[in-house]
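Visitor: This structure is in structure tokens; I'll ask about it shortly.
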Amino acid sequence: MNFDPDSVLLLIDIQKAYGDVVGLETFQSNMRTLLKKARAAKIPIIHVHEIDDPDKSKWIPFWEEMRGPRTLDRGIPMECALPLKGEQNIIKHGYDAFHQTGLQTLLKGHRAKTIYVAGLLTGVCVLNTIMSAFNRGYRIYLFDNCCSDRLKTRHQTTLQYYQNYLFKRISV
């Protein structure tokens, strides 16, 4: 696999709070493969983790109104995607990795034109971040086998409906 010049790998919410996704073991194996290839290619890697904060996560009250009490995410990475020294980390407090995080500034610093995306949950945080990236003019490639969701149908539907509209689909 060859990464485009002027690109970064964006890893979204690969954290223990989402250990209940469909096909977790396959996802984790694919993530190890992807990270090995990206690190060998020396592509910049940006890890994004969600930490829910009642003062900063303004969406939580409405979410709880819809779904009931929420266990707050603490941003603890899964073993398959631990950041290495020199890889950048972003903390977000909602679904969109661009919202009030400094991600756009990091991408500009890397002169990124293309973003390769992997992460959890496909139909929630991954999709929200892809929409923001697309609206900012980035070319986006989504590793379909390095994403998952709690619902298989939400994962598959997100890929089906948004491929070739917001992103190109690729696999490791």
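Within each chain, counting starts at residue 1; across the structure tokens, chains are named A, B, ... in the order shown, with ligands numbered 1 upward in that order.
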Quick one: everything within 12 Å of Met131 of chain A, counting only C-alpha atoms, minus sequence neighbours fewer than 3 positions away in the same chain. Send it as a compact mmCIF listing (two decimals) with N, CA and C atoms, in the first residue's frame.
Guide:
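Written out: result.txt:
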```
# COMPACT_ATOMS: atom_id res chain seq x y z
N TYR A 95 -18.54 14.34 18.95
CA TYR A 95 -18.42 13.40 17.84
C TYR A 95 -17.43 13.84 16.76
N ASP A 96 -17.22 15.12 16.59
CA ASP A 96 -16.44 15.68 15.48
C ASP A 96 -15.02 16.00 15.94
N ALA A 97 -14.02 15.36 15.34
CA ALA A 97 -12.63 15.58 15.73
C ALA A 97 -12.12 16.97 15.38
N PHE A 98 -12.85 17.71 14.56
CA PHE A 98 -12.44 19.08 14.22
C PHE A 98 -12.98 20.12 15.21
N HIS A 99 -14.06 19.79 15.90
CA HIS A 99 -14.76 20.77 16.74
C HIS A 99 -13.95 21.12 17.99
N VAL A 117 -8.47 7.60 7.01
CA VAL A 117 -9.24 7.53 8.24
C VAL A 117 -9.49 6.07 8.64
N GLY A 123 -20.55 5.01 12.09
CA GLY A 123 -21.71 5.86 11.79
C GLY A 123 -21.87 7.05 12.72
N VAL A 124 -20.92 7.25 13.62
CA VAL A 124 -21.05 8.34 14.58
C VAL A 124 -19.82 9.25 14.48
N CYS A 125 -18.79 9.00 15.27
CA CYS A 125 -17.62 9.88 15.30
C CYS A 125 -16.82 9.85 14.01
N VAL A 126 -16.69 8.68 13.40
CA VAL A 126 -15.95 8.60 12.14
C VAL A 126 -16.69 9.41 11.07
N LEU A 127 -17.99 9.21 10.95
CA LEU A 127 -18.77 9.92 9.93
C LEU A 127 -18.79 11.43 10.20
N ASN A 128 -18.98 11.84 11.44
CA ASN A 128 -18.99 13.27 11.74
C ASN A 128 -17.67 13.93 11.37
N PHE A 134 -14.38 16.70 4.76
CA PHE A 134 -14.86 16.90 3.39
C PHE A 134 -15.23 18.37 3.17
N ASN A 135 -15.95 18.94 4.12
CA ASN A 135 -16.37 20.34 4.00
C ASN A 135 -15.20 21.31 4.03
N ARG A 136 -14.05 20.87 4.51
CA ARG A 136 -12.85 21.69 4.52
C ARG A 136 -11.98 21.44 3.29
N GLY A 137 -12.42 20.54 2.41
CA GLY A 137 -11.73 20.34 1.14
C GLY A 137 -10.69 19.23 1.11
N TYR A 138 -10.65 18.40 2.12
CA TYR A 138 -9.68 17.30 2.12
C TYR A 138 -10.18 16.14 1.26
N ARG A 139 -9.22 15.44 0.68
CA ARG A 139 -9.49 14.16 0.02
C ARG A 139 -9.48 13.12 1.13
N ILE A 140 -10.45 12.23 1.15
CA ILE A 140 -10.59 11.30 2.26
C ILE A 140 -10.66 9.87 1.75
N THR A 158 -23.46 3.14 6.58
CA THR A 158 -22.59 4.32 6.46
C THR A 158 -21.64 4.16 5.28
N TYR A 162 -22.28 6.61 1.91
CA TYR A 162 -21.37 7.75 1.80
C TYR A 162 -20.11 7.51 0.99
N GLN A 163 -19.85 6.24 0.60
CA GLN A 163 -18.69 6.02 -0.27
C GLN A 163 -18.94 6.72 -1.60
N TYR A 165 -19.25 9.68 -2.14
CA TYR A 165 -19.86 10.99 -1.89
C TYR A 165 -18.96 11.80 -0.98
N LEU A 166 -18.51 11.16 0.09
CA LEU A 166 -17.64 11.85 1.06
C LEU A 166 -16.24 11.25 1.10
N PHE A 167 -16.10 9.99 0.74
CA PHE A 167 -14.81 9.33 0.84
C PHE A 167 -14.72 8.20 -0.19
```
Visitor: With only C-alpha atoms as the counted atoms, please give the residues lying no more than 7 Å from His47 of chain A, apart from itself and same-chain residues fewer than 3 positions off, as a list in words.
Guide: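 Using only C-alpha atoms, the neighbours found are Leu10, Leu11, Ile12, Pro83, Gln88, Asn89 and Ile90 of chain A.
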Visitor: Go ahead and save the residues from that selection, with C-alpha atoms, as a short mmCIF file (atom, residue, chain, number, x, y, z; two decimals), in the first residue's frame.
Guide:
```cif
data_model
loop_
_atom_site.label_atom_id
_atom_site.label_comp_id
_atom_site.auth_asym_id
_atom_site.auth_seq_id
_atom_site.Cartn_x
_atom_site.Cartn_y
_atom_site.Cartn_z
CA LEU A 10 -6.27 9.96 11.35
CA LEU A 11 -7.26 7.37 13.96
CA ILE A 12 -10.58 8.17 15.59
CA PRO A 83 0.31 6.10 20.22
CA GLN A 88 0.23 13.40 17.81
CA ASN A 89 -2.77 13.14 20.10
CA ILE A 90 -5.98 15.14 20.02
#
```
Visitor: For Phe3 of chain A, which residue among A:Leu82, A:Ala133, A:Ile115, A:Leu24 is the nearest when counting only C-alpha atoms?
Guide: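 Selected residue with least distance to Phe3 of chain A: A:Ile115.
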Visitor: If you run DSSP on the backbone, which residues of chain A are alpha helix (DSSP H), as an NGL selection string?
Guide: :A and (24-40 or 60-67 or 103-109 or 127-135 or 152-162)
Visitor: Would you return as a PyMOL selection string the members of segment 72-153 of chain A that DSSP assigns to strand (DSSP E) on this structure's backbone?
Guide: chain A and resi 88-92+114-120+139-148
Visitor: Next, write the just-selected residues to a file, as a PDB file, in the first residue's frame, keeping C-alpha atoms as the atom set.
Guide:
```
ATOM      1  CA  GLN A  88       0.232  13.398  17.814  1.00  0.00           C
ATOM      2  CA  ASN A  89      -2.773  13.139  20.101  1.00  0.00           C
ATOM      3  CA  ILE A  90      -5.984  15.136  20.023  1.00  0.00           C
ATOM      4  CA  ILE A  91      -8.667  15.089  22.701  1.00  0.00           C
ATOM      5  CA  LYS A  92     -12.216  15.829  21.608  1.00  0.00           C
ATOM      6  CA  THR A 114      -5.396  13.768   1.887  1.00  0.00           C
ATOM      7  CA  ILE A 115      -6.636  12.164   5.093  1.00  0.00           C
ATOM      8  CA  TYR A 116      -6.681   8.409   5.585  1.00  0.00           C
ATOM      9  CA  VAL A 117      -9.235   7.526   8.245  1.00  0.00           C
ATOM     10  CA  ALA A 118      -9.758   4.547  10.542  1.00  0.00           C
ATOM     11  CA  GLY A 119     -11.658   4.267  13.784  1.00  0.00           C
ATOM     12  CA  LEU A 120     -14.753   3.762  15.851  1.00  0.00           C
ATOM     13  CA  ARG A 139      -9.488  14.156   0.024  1.00  0.00           C
ATOM     14  CA  ILE A 140     -10.589  11.297   2.262  1.00  0.00           C
ATOM     15  CA  TYR A 141      -9.870   7.582   2.118  1.00  0.00           C
ATOM     16  CA  LEU A 142     -11.658   5.386   4.642  1.00  0.00           C
ATOM     17  CA  PHE A 143     -10.180   2.026   5.613  1.00  0.00           C
ATOM     18  CA  ASP A 144     -13.420   0.053   5.670  1.00  0.00           C
ATOM     19  CA  ASN A 145     -11.888  -2.920   7.483  1.00  0.00           C
ATOM     20  CA  CYS A 146     -10.276  -0.642  10.073  1.00  0.00           C
ATOM     21  CA  CYS A 147     -13.611   0.755  11.203  1.00  0.00           C
ATOM     22  CA  SER A 148     -16.457  -0.783  13.110  1.00  0.00           C
TER      23      SER A 148
END
```
Visitor: Give me the residues near segment 54-64 of chain A as JSON, numbers by chain, where near means some atom within 12 Å (using only C-alpha atoms) and where sequence neighbours in that chain fewer than 2 positions away do not count.
Guide: {"A": [50, 51, 52, 66, 67, 68, 69, 70, 71, 72, 73, 91, 92, 93, 94, 95, 96, 99, 100, 101]}
Visitor: Nearest to Gly75 of chain A among A:Lys16, A:Lys42, A:Lys36, A:His110, with distances taken over only C-alpha atoms: which residue is it?
Guide: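 Closest to Gly75 of chain A of all the choices is A:Lys16.
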Visitor: What's around Pro5 of chain A at 10 Å? Count only C-alpha atoms, leave out sequence neighbours fewer than 4 positions away in its own chain, and write the answer as an NGL selection string.
Guide: :A and (43 or 111-114)
Visitor: Counting only C-alpha atoms, which of A:Leu151, A:Ala40, A:Ile130, A:Cys80 gets nearest to Asn2 of chain A?
Guide: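 Nearest candidate to Asn2 of chain A out of A:Leu151, A:Ala40, A:Ile130, A:Cys80: A:Ala40.
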Visitor: Between atom CA of Lys85 of chain A and atom CA of Leu106 of chain A, what is the spacing in Å?
Guide: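 It comes out at 16.4 Å.
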Visitor: Using only C-alpha atoms, determine which residues lie at most 9 Å from Gly19 of chain A, disregarding the query and same-chain residues fewer than 5 positions distant; provide the list as a ChimeraX atom specification.
Guide: /A:14,24,78,150
Visitor: Please compute the atom CA of Asp13 of chain A-atom CA of Glu87 of chain A distance, one decimal, in Å.
Guide: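 One can read the atom CA of Asp13 of chain A to atom CA of Glu87 of chain A distance as 14.9 Å.
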Visitor: Could you work out how far atom CA of Ile76 of chain A lies from atom CA of Ala17 of chain A, giving the answer in Å with one decimal?
Guide: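 Calculated distance between atom CA of Ala17 of chain A and atom CA of Ile76 of chain A is 7.5 Å.
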